[in-house]
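File shown: target-v8.txt (compact mmCIF, C-alpha atoms and all ligand atoms).
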```
# COMPACT_ATOMS: atom_id res chain seq x y z
CA MET M 29 0.00 0.00 0.00
CA TYR M 30 1.27 3.47 -0.91
CA ASN M 31 0.20 5.83 1.89
CA VAL M 32 -0.19 9.54 1.22
CA MET M 33 -0.77 12.22 3.88
CA PHE M 34 -1.92 15.72 2.97
CA ILE M 35 -0.98 18.40 5.50
CA CYS M 36 -2.07 22.00 6.04
CA THR M 37 -2.30 24.21 9.12
CA GLY M 38 -5.73 23.48 10.59
CA ASN M 39 -6.77 20.37 8.60
CA ILE M 40 -10.12 22.05 7.99
CA CYS M 41 -9.73 23.63 4.54
CA ARG M 42 -6.91 22.71 2.14
CA SER M 43 -5.70 19.25 3.19
CA PRO M 44 -9.16 17.69 3.74
CA LEU M 45 -10.05 18.88 0.23
CA ALA M 46 -6.94 17.24 -1.27
CA HIS M 47 -7.75 14.12 0.79
CA ALA M 48 -11.33 13.94 -0.60
CA VAL M 49 -10.33 14.74 -4.19
CA MET M 50 -7.58 12.12 -4.17
CA GLU M 51 -9.80 9.51 -2.54
CA GLN M 52 -12.38 10.05 -5.29
CA LEU M 53 -9.72 9.75 -8.04
CA VAL M 54 -8.34 6.58 -6.42
CA LYS M 55 -11.84 5.09 -6.40
CA GLU M 56 -12.61 6.15 -9.99
CA GLN M 57 -9.39 4.49 -11.14
CA GLY M 58 -9.91 1.33 -9.07
CA LEU M 59 -6.74 1.84 -7.05
CA GLU M 60 -8.21 1.41 -3.54
CA LYS M 61 -6.03 -1.62 -2.86
CA SER M 62 -2.83 0.20 -3.83
CA VAL M 63 -3.17 3.80 -2.62
CA SER M 64 -4.48 5.06 0.71
CA VAL M 65 -5.00 8.69 1.65
CA ASP M 66 -5.30 10.70 4.86
CA SER M 67 -4.92 14.33 5.98
CA SER M 68 -3.82 16.23 9.05
CA GLY M 69 -2.82 19.69 10.31
CA THR M 70 0.39 20.97 11.84
CA ASP M 71 -1.67 22.77 14.50
CA ALA M 72 -4.26 21.38 16.92
CA TRP M 73 -6.67 24.35 17.25
CA HIS M 74 -9.36 22.68 15.15
CA SER M 75 -8.78 19.03 16.07
CA GLY M 76 -12.04 17.08 16.00
CA GLU M 77 -13.87 19.69 13.94
CA MET M 78 -15.57 19.04 10.62
CA THR M 79 -14.14 20.55 7.46
CA ASP M 80 -14.97 24.27 7.00
CA SER M 81 -18.45 24.65 5.48
CA ARG M 82 -17.13 27.02 2.76
CA MET M 83 -14.69 24.32 1.64
CA ARG M 84 -17.39 21.64 1.75
CA THR M 85 -19.74 23.83 -0.31
CA THR M 86 -17.06 24.52 -2.91
CA ALA M 87 -16.18 20.83 -3.20
CA ALA M 88 -19.86 19.81 -3.41
CA ARG M 89 -20.35 22.20 -6.33
CA HIS M 90 -17.71 20.19 -8.15
CA GLY M 91 -19.22 16.85 -7.15
CA VAL M 92 -16.86 15.96 -4.32
CA LYS M 93 -18.10 15.13 -0.81
CA VAL M 94 -15.79 16.04 2.06
CA HIS M 95 -16.37 14.37 5.39
CA HIS M 96 -13.39 14.50 7.67
CA ARG M 97 -12.66 15.42 11.27
CA ALA M 98 -9.51 17.45 11.80
CA GLN M 99 -6.51 15.72 13.34
CA ARG M 100 -3.00 16.83 14.12
CA LEU M 101 0.09 15.49 12.34
CA SER M 102 2.18 13.33 14.69
CA ALA M 103 5.80 12.19 14.65
CA ALA M 104 4.57 8.58 14.31
CA ASP M 105 2.97 9.44 10.93
CA PHE M 106 6.41 9.67 9.33
CA ALA M 107 6.88 5.90 9.64
CA LYS M 108 3.37 5.11 8.38
CA PHE M 109 3.28 7.31 5.25
CA ASN M 110 5.34 7.11 2.07
CA LEU M 111 4.69 10.71 1.07
CA LEU M 112 3.71 13.72 3.22
CA LEU M 113 2.52 16.64 1.11
CA VAL M 114 2.38 20.11 2.65
CA MET M 115 0.29 22.98 1.36
CA ASP M 116 2.66 25.88 2.15
CA SER M 117 6.19 26.66 3.25
CA GLN M 118 5.19 27.28 6.87
CA ASN M 119 3.60 23.82 6.91
CA TYR M 120 6.85 22.49 5.44
CA ARG M 121 8.96 23.93 8.27
CA ASN M 122 6.55 22.66 10.92
CA ALA M 123 6.25 19.19 9.40
CA VAL M 124 10.00 18.58 8.93
CA SER M 125 10.61 19.64 12.52
CA LEU M 126 8.82 16.41 13.55
CA ALA M 127 10.97 14.14 11.34
CA LYS M 128 13.40 11.98 13.29
CA THR M 129 15.74 10.95 10.46
CA PRO M 130 16.88 12.38 7.10
CA GLN M 131 14.81 9.62 5.44
CA GLU M 132 11.68 10.82 7.22
CA ARG M 133 12.48 14.42 6.32
CA ASP M 134 12.79 13.46 2.65
CA LYS M 135 9.23 12.14 2.65
CA VAL M 136 7.94 15.72 3.09
CA LYS M 137 7.30 17.55 -0.19
CA MET M 138 5.46 20.68 -1.21
CA PHE M 139 2.11 19.58 -2.69
CA ARG M 140 2.52 21.95 -5.63
CA GLU M 141 5.78 20.30 -6.61
CA PHE M 142 3.33 18.13 -8.58
CA ASP M 143 1.27 21.04 -9.99
CA PRO M 144 1.67 21.07 -13.79
CA GLN M 145 1.00 24.83 -13.76
CA GLY M 146 3.52 26.06 -11.21
CA THR M 147 5.07 25.71 -7.77
CA GLY M 148 4.68 27.53 -4.45
CA ASP M 149 2.01 27.63 -1.77
CA VAL M 150 -1.64 26.68 -1.91
CA PRO M 151 -2.83 29.92 -0.29
CA ASP M 152 -4.61 29.67 3.05
CA PRO M 153 -8.28 30.59 2.33
CA TRP M 154 -9.33 30.90 6.01
CA TYR M 155 -9.62 34.70 6.03
CA GLY M 156 -10.69 34.85 2.38
CA ASP M 157 -13.98 34.77 0.49
CA MET M 158 -15.57 32.12 -1.75
CA THR M 159 -13.31 33.17 -4.65
CA ASP M 160 -10.32 32.13 -2.56
CA PHE M 161 -11.92 28.76 -1.85
CA GLU M 162 -12.55 28.32 -5.58
CA THR M 163 -8.87 29.10 -6.26
CA VAL M 164 -7.89 26.40 -3.77
CA TRP M 165 -10.26 23.97 -5.50
CA THR M 166 -8.71 24.60 -8.93
CA MET M 167 -5.14 24.16 -7.69
CA VAL M 168 -5.93 21.09 -5.61
CA ASP M 169 -7.97 19.35 -8.31
CA ARG M 170 -5.39 19.69 -11.09
CA THR M 171 -2.48 18.88 -8.76
CA CYS M 172 -4.14 15.73 -7.37
CA ARG M 173 -4.67 14.44 -10.93
CA ALA M 174 -0.98 14.93 -11.79
CA LEU M 175 0.08 13.55 -8.41
CA LEU M 176 -1.89 10.34 -8.88
CA ASP M 177 -0.27 9.84 -12.30
CA GLU M 178 3.12 10.11 -10.55
CA ILE M 179 2.09 7.76 -7.74
CA LYS M 180 0.99 5.17 -10.32
CA THR M 181 4.62 5.00 -11.49
CA ARG M 182 5.67 4.15 -7.90
CA ILE M 183 3.19 1.38 -7.06
P1 LIG M 201 -6.19 25.13 6.56
O1 LIG M 201 -6.78 26.57 6.86
O2 LIG M 201 -4.77 25.12 7.07
O3 LIG M 201 -6.27 25.04 5.07
O4 LIG M 201 -7.09 24.14 7.29
C1 LIG M 201 -6.69 27.19 8.10
C2 LIG M 201 -7.70 26.99 9.02
C3 LIG M 201 -7.68 27.65 10.23
C4 LIG M 201 -6.63 28.49 10.52
C5 LIG M 201 -5.60 28.68 9.61
C6 LIG M 201 -5.63 28.02 8.39
N1 LIG M 201 -6.63 29.19 11.74
O5 LIG M 201 -5.79 30.11 11.88
O6 LIG M 201 -7.46 28.91 12.62
```
Could you write out this structure as structure tokens?
Ligand code: 4NP
Amino acid sequence: MYNVMFICTGNICRSPLAHAVMEQLVKEQGLEKSVSVDSSGTDAWHSGEMTDSRMRTTAARHGVKVHHRAQRLSAADFAKFNLLLVMDSQNYRNAVSLAKTPQERDKVKMFREFDPQGTGDVPDPWYGDMTDFETVWTMVDRTCRALLDEIKTRI
């Protein structure tokens, strides 16, 4: 099983979206036995909460259901997951600070490293409006598609 963890700050907007989009793609392509997906946040403020309703509404408009309860990234996750994908550079710094070995550190990559249209952060939409959530959707959807193509070469 190839295990992928998506990571953002609160695990209530960006990473649960990537989690849901990827899970849907995995299902559509019949890869459930080969690829497993989860998501978490570097911070615990929202642990246990449902995904932000603005993010759920945006995803639903595009036919994707998001149902996830926020959880915090833990040091133990580095052993369990093959690839840990962070949404922004602050998330990158926080995630690698939990890695115990250089091998664990190397599992952490910027999510948009796999974006065919560019690199950088997936911007935090928390203080934004619905346009910002739509921007996150567009980036996450296209990047997950390219990411799954890459993962298929590894499984
Ligand atoms: P996320 O968005 O990291 O995409 O889940 C955020 C959610 C909440 C906060 C920051 C980012 N917050 O500051 O509470």
Computed gap from CA of Thr147 in chain M to CA of Ile179 in chain M is 18.2 Å
Leu111 in chain M surroundings by only C-alpha atoms, 9 Å radius, close-in-sequence under 4 positions cut, as a PyMOL selection string: chain M and resi 30-34+106+134-137
Counting only C-alpha atoms and all ligand atoms, which protein, DNA or RNA residues come within 9 Å of ligand LIG 201 (chain M), given as a list in words? Ile35, Cys36, Thr37, Gly38, Asn39, Ile40, Cys41, Arg42, Ser43, Pro44, Leu45, Ser68, Gly69, Thr70, Asp71, Trp73, His74, Thr79, Asp80, Ala98, Met115, Asp116, Asn119, Val150, Pro151, Asp152, Pro153, Trp154 and Tyr155 of chain M
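Nearest to Val94 in chain M of all the residues M:Gln145, M:Ser117, M:Thr181, M:Gln52 is M:Gln52, based on all atoms listed in the file.
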By how many Å are CA of Asp149 in chain M and CA of Val49 in chain M apart?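 If I compute the distance from CA of Asp149 in chain M to CA of Val49 in chain M, I get 18.0 Å.
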Point out the residue among M:Leu113, M:Phe142, M:Glu77, M:Met29 with the least atom-to-atom distance to Glu178 in chain M, counting only C-alpha atoms.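 Closest residue, counting only C-alpha atoms: M:Phe142.
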Export of range 51-97 of chain M: N, CA and C atoms, as a PDB file, in the first residue's frame:
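Saved file part-v1.pdb follows:
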```
ATOM      1  N   GLU M  51      -9.055  10.743  -2.825  1.00  0.00           N
ATOM      2  CA  GLU M  51      -9.798   9.514  -2.540  1.00  0.00           C
ATOM      3  C   GLU M  51     -10.782   9.209  -3.678  1.00  0.00           C
ATOM      4  N   GLN M  52     -11.433  10.253  -4.182  1.00  0.00           N
ATOM      5  CA  GLN M  52     -12.377  10.053  -5.292  1.00  0.00           C
ATOM      6  C   GLN M  52     -11.659   9.577  -6.554  1.00  0.00           C
ATOM      7  N   LEU M  53     -10.490  10.170  -6.847  1.00  0.00           N
ATOM      8  CA  LEU M  53      -9.723   9.751  -8.036  1.00  0.00           C
ATOM      9  C   LEU M  53      -9.255   8.303  -7.899  1.00  0.00           C
ATOM     10  N   VAL M  54      -8.811   7.949  -6.690  1.00  0.00           N
ATOM     11  CA  VAL M  54      -8.341   6.583  -6.423  1.00  0.00           C
ATOM     12  C   VAL M  54      -9.480   5.594  -6.677  1.00  0.00           C
ATOM     13  N   LYS M  55     -10.669   5.946  -6.199  1.00  0.00           N
ATOM     14  CA  LYS M  55     -11.843   5.091  -6.404  1.00  0.00           C
ATOM     15  C   LYS M  55     -12.183   4.973  -7.882  1.00  0.00           C
ATOM     16  N   GLU M  56     -12.262   6.140  -8.558  1.00  0.00           N
ATOM     17  CA  GLU M  56     -12.608   6.155  -9.992  1.00  0.00           C
ATOM     18  C   GLU M  56     -11.663   5.280 -10.801  1.00  0.00           C
ATOM     19  N   GLN M  57     -10.393   5.240 -10.375  1.00  0.00           N
ATOM     20  CA  GLN M  57      -9.387   4.494 -11.143  1.00  0.00           C
ATOM     21  C   GLN M  57      -9.169   3.084 -10.597  1.00  0.00           C
ATOM     22  N   GLY M  58      -9.989   2.697  -9.604  1.00  0.00           N
ATOM     23  CA  GLY M  58      -9.910   1.335  -9.070  1.00  0.00           C
ATOM     24  C   GLY M  58      -8.611   1.022  -8.355  1.00  0.00           C
ATOM     25  N   LEU M  59      -8.050   2.021  -7.690  1.00  0.00           N
ATOM     26  CA  LEU M  59      -6.738   1.844  -7.048  1.00  0.00           C
ATOM     27  C   LEU M  59      -6.817   1.723  -5.528  1.00  0.00           C
ATOM     28  N   GLU M  60      -8.021   1.444  -5.013  1.00  0.00           N
ATOM     29  CA  GLU M  60      -8.212   1.414  -3.544  1.00  0.00           C
ATOM     30  C   GLU M  60      -7.281   0.436  -2.830  1.00  0.00           C
ATOM     31  N   LYS M  61      -6.889  -0.627  -3.521  1.00  0.00           N
ATOM     32  CA  LYS M  61      -6.035  -1.621  -2.860  1.00  0.00           C
ATOM     33  C   LYS M  61      -4.559  -1.227  -2.901  1.00  0.00           C
ATOM     34  N   SER M  62      -4.235  -0.180  -3.663  1.00  0.00           N
ATOM     35  CA  SER M  62      -2.831   0.200  -3.831  1.00  0.00           C
ATOM     36  C   SER M  62      -2.471   1.543  -3.202  1.00  0.00           C
ATOM     37  N   VAL M  63      -3.466   2.448  -3.107  1.00  0.00           N
ATOM     38  CA  VAL M  63      -3.173   3.803  -2.624  1.00  0.00           C
ATOM     39  C   VAL M  63      -4.138   4.148  -1.499  1.00  0.00           C
ATOM     40  N   SER M  64      -3.606   4.585  -0.370  1.00  0.00           N
ATOM     41  CA  SER M  64      -4.478   5.059   0.713  1.00  0.00           C
ATOM     42  C   SER M  64      -4.130   6.505   1.052  1.00  0.00           C
ATOM     43  N   VAL M  65      -5.125   7.245   1.507  1.00  0.00           N
ATOM     44  CA  VAL M  65      -5.003   8.689   1.649  1.00  0.00           C
ATOM     45  C   VAL M  65      -5.500   9.114   3.026  1.00  0.00           C
ATOM     46  N   ASP M  66      -4.835  10.111   3.613  1.00  0.00           N
ATOM     47  CA  ASP M  66      -5.302  10.700   4.861  1.00  0.00           C
ATOM     48  C   ASP M  66      -4.910  12.178   4.854  1.00  0.00           C
ATOM     49  N   SER M  67      -5.336  12.925   5.878  1.00  0.00           N
ATOM     50  CA  SER M  67      -4.920  14.325   5.985  1.00  0.00           C
ATOM     51  C   SER M  67      -4.821  14.713   7.442  1.00  0.00           C
ATOM     52  N   SER M  68      -4.015  15.758   7.682  1.00  0.00           N
ATOM     53  CA  SER M  68      -3.818  16.235   9.052  1.00  0.00           C
ATOM     54  C   SER M  68      -3.343  17.682   9.011  1.00  0.00           C
ATOM     55  N   GLY M  69      -3.284  18.299  10.194  1.00  0.00           N
ATOM     56  CA  GLY M  69      -2.823  19.686  10.307  1.00  0.00           C
ATOM     57  C   GLY M  69      -1.599  19.775  11.201  1.00  0.00           C
ATOM     58  N   THR M  70      -0.788  20.795  10.980  1.00  0.00           N
ATOM     59  CA  THR M  70       0.389  20.975  11.843  1.00  0.00           C
ATOM     60  C   THR M  70      -0.023  21.542  13.199  1.00  0.00           C
ATOM     61  N   ASP M  71      -1.213  22.148  13.261  1.00  0.00           N
ATOM     62  CA  ASP M  71      -1.674  22.770  14.504  1.00  0.00           C
ATOM     63  C   ASP M  71      -2.948  22.081  14.998  1.00  0.00           C
ATOM     64  N   ALA M  72      -3.172  22.157  16.301  1.00  0.00           N
ATOM     65  CA  ALA M  72      -4.258  21.377  16.915  1.00  0.00           C
ATOM     66  C   ALA M  72      -5.530  22.174  17.185  1.00  0.00           C
ATOM     67  N   TRP M  73      -5.506  23.501  16.868  1.00  0.00           N
ATOM     68  CA  TRP M  73      -6.670  24.347  17.246  1.00  0.00           C
ATOM     69  C   TRP M  73      -8.005  23.770  16.850  1.00  0.00           C
ATOM     70  N   HIS M  74      -8.059  23.130  15.672  1.00  0.00           N
ATOM     71  CA  HIS M  74      -9.360  22.681  15.148  1.00  0.00           C
ATOM     72  C   HIS M  74      -9.560  21.173  15.251  1.00  0.00           C
ATOM     73  N   SER M  75      -8.690  20.498  15.984  1.00  0.00           N
ATOM     74  CA  SER M  75      -8.780  19.030  16.067  1.00  0.00           C
ATOM     75  C   SER M  75     -10.191  18.596  16.447  1.00  0.00           C
ATOM     76  N   GLY M  76     -10.701  17.600  15.733  1.00  0.00           N
ATOM     77  CA  GLY M  76     -12.042  17.075  15.999  1.00  0.00           C
ATOM     78  C   GLY M  76     -13.139  17.782  15.249  1.00  0.00           C
ATOM     79  N   GLU M  77     -12.821  18.940  14.658  1.00  0.00           N
ATOM     80  CA  GLU M  77     -13.873  19.694  13.940  1.00  0.00           C
ATOM     81  C   GLU M  77     -14.063  19.163  12.523  1.00  0.00           C
ATOM     82  N   MET M  78     -15.279  19.359  12.017  1.00  0.00           N
ATOM     83  CA  MET M  78     -15.567  19.041  10.620  1.00  0.00           C
ATOM     84  C   MET M  78     -14.880  20.055   9.713  1.00  0.00           C
ATOM     85  N   THR M  79     -14.704  19.653   8.463  1.00  0.00           N
ATOM     86  CA  THR M  79     -14.137  20.553   7.455  1.00  0.00           C
ATOM     87  C   THR M  79     -14.991  21.820   7.342  1.00  0.00           C
ATOM     88  N   ASP M  80     -14.316  22.957   7.142  1.00  0.00           N
ATOM     89  CA  ASP M  80     -14.966  24.268   7.001  1.00  0.00           C
ATOM     90  C   ASP M  80     -16.114  24.190   5.981  1.00  0.00           C
ATOM     91  N   SER M  81     -17.258  24.783   6.341  1.00  0.00           N
ATOM     92  CA  SER M  81     -18.446  24.649   5.479  1.00  0.00           C
ATOM     93  C   SER M  81     -18.228  25.312   4.108  1.00  0.00           C
ATOM     94  N   ARG M  82     -17.397  26.368   4.058  1.00  0.00           N
ATOM     95  CA  ARG M  82     -17.132  27.016   2.757  1.00  0.00           C
ATOM     96  C   ARG M  82     -16.368  26.064   1.831  1.00  0.00           C
ATOM     97  N   MET M  83     -15.460  25.295   2.432  1.00  0.00           N
ATOM     98  CA  MET M  83     -14.695  24.316   1.641  1.00  0.00           C
ATOM     99  C   MET M  83     -15.595  23.169   1.202  1.00  0.00           C
ATOM    100  N   ARG M  84     -16.476  22.733   2.098  1.00  0.00           N
ATOM    101  CA  ARG M  84     -17.394  21.636   1.747  1.00  0.00           C
ATOM    102  C   ARG M  84     -18.338  22.066   0.632  1.00  0.00           C
ATOM    103  N   THR M  85     -18.835  23.317   0.725  1.00  0.00           N
ATOM    104  CA  THR M  85     -19.745  23.830  -0.305  1.00  0.00           C
ATOM    105  C   THR M  85     -19.049  23.901  -1.658  1.00  0.00           C
ATOM    106  N   THR M  86     -17.821  24.402  -1.654  1.00  0.00           N
ATOM    107  CA  THR M  86     -17.059  24.519  -2.907  1.00  0.00           C
ATOM    108  C   THR M  86     -16.835  23.141  -3.518  1.00  0.00           C
ATOM    109  N   ALA M  87     -16.427  22.183  -2.691  1.00  0.00           N
ATOM    110  CA  ALA M  87     -16.180  20.828  -3.198  1.00  0.00           C
ATOM    111  C   ALA M  87     -17.473  20.211  -3.738  1.00  0.00           C
ATOM    112  N   ALA M  88     -18.570  20.401  -3.006  1.00  0.00           N
ATOM    113  CA  ALA M  88     -19.856  19.806  -3.405  1.00  0.00           C
ATOM    114  C   ALA M  88     -20.294  20.331  -4.773  1.00  0.00           C
ATOM    115  N   ARG M  89     -20.027  21.621  -5.011  1.00  0.00           N
ATOM    116  CA  ARG M  89     -20.351  22.202  -6.328  1.00  0.00           C
ATOM    117  C   ARG M  89     -19.648  21.478  -7.462  1.00  0.00           C
ATOM    118  N   HIS M  90     -18.488  20.910  -7.128  1.00  0.00           N
ATOM    119  CA  HIS M  90     -17.712  20.187  -8.145  1.00  0.00           C
ATOM    120  C   HIS M  90     -17.911  18.674  -8.029  1.00  0.00           C
ATOM    121  N   GLY M  91     -18.892  18.268  -7.213  1.00  0.00           N
ATOM    122  CA  GLY M  91     -19.225  16.849  -7.146  1.00  0.00           C
ATOM    123  C   GLY M  91     -18.375  16.031  -6.192  1.00  0.00           C
ATOM    124  N   VAL M  92     -17.690  16.698  -5.275  1.00  0.00           N
ATOM    125  CA  VAL M  92     -16.856  15.964  -4.316  1.00  0.00           C
ATOM    126  C   VAL M  92     -17.392  16.178  -2.903  1.00  0.00           C
ATOM    127  N   LYS M  93     -17.634  15.067  -2.205  1.00  0.00           N
ATOM    128  CA  LYS M  93     -18.101  15.128  -0.813  1.00  0.00           C
ATOM    129  C   LYS M  93     -16.893  15.104   0.116  1.00  0.00           C
ATOM    130  N   VAL M  94     -16.874  16.020   1.073  1.00  0.00           N
ATOM    131  CA  VAL M  94     -15.786  16.037   2.058  1.00  0.00           C
ATOM    132  C   VAL M  94     -16.392  15.697   3.410  1.00  0.00           C
ATOM    133  N   HIS M  95     -15.959  14.604   4.007  1.00  0.00           N
ATOM    134  CA  HIS M  95     -16.375  14.369   5.387  1.00  0.00           C
ATOM    135  C   HIS M  95     -15.175  13.877   6.184  1.00  0.00           C
ATOM    136  N   HIS M  96     -14.622  14.779   6.932  1.00  0.00           N
ATOM    137  CA  HIS M  96     -13.388  14.501   7.672  1.00  0.00           C
ATOM    138  C   HIS M  96     -13.432  15.296   8.969  1.00  0.00           C
ATOM    139  N   ARG M  97     -12.848  14.717   9.995  1.00  0.00           N
ATOM    140  CA  ARG M  97     -12.660  15.425  11.269  1.00  0.00           C
ATOM    141  C   ARG M  97     -11.179  15.756  11.401  1.00  0.00           C
TER     142      ARG M  97
END
```
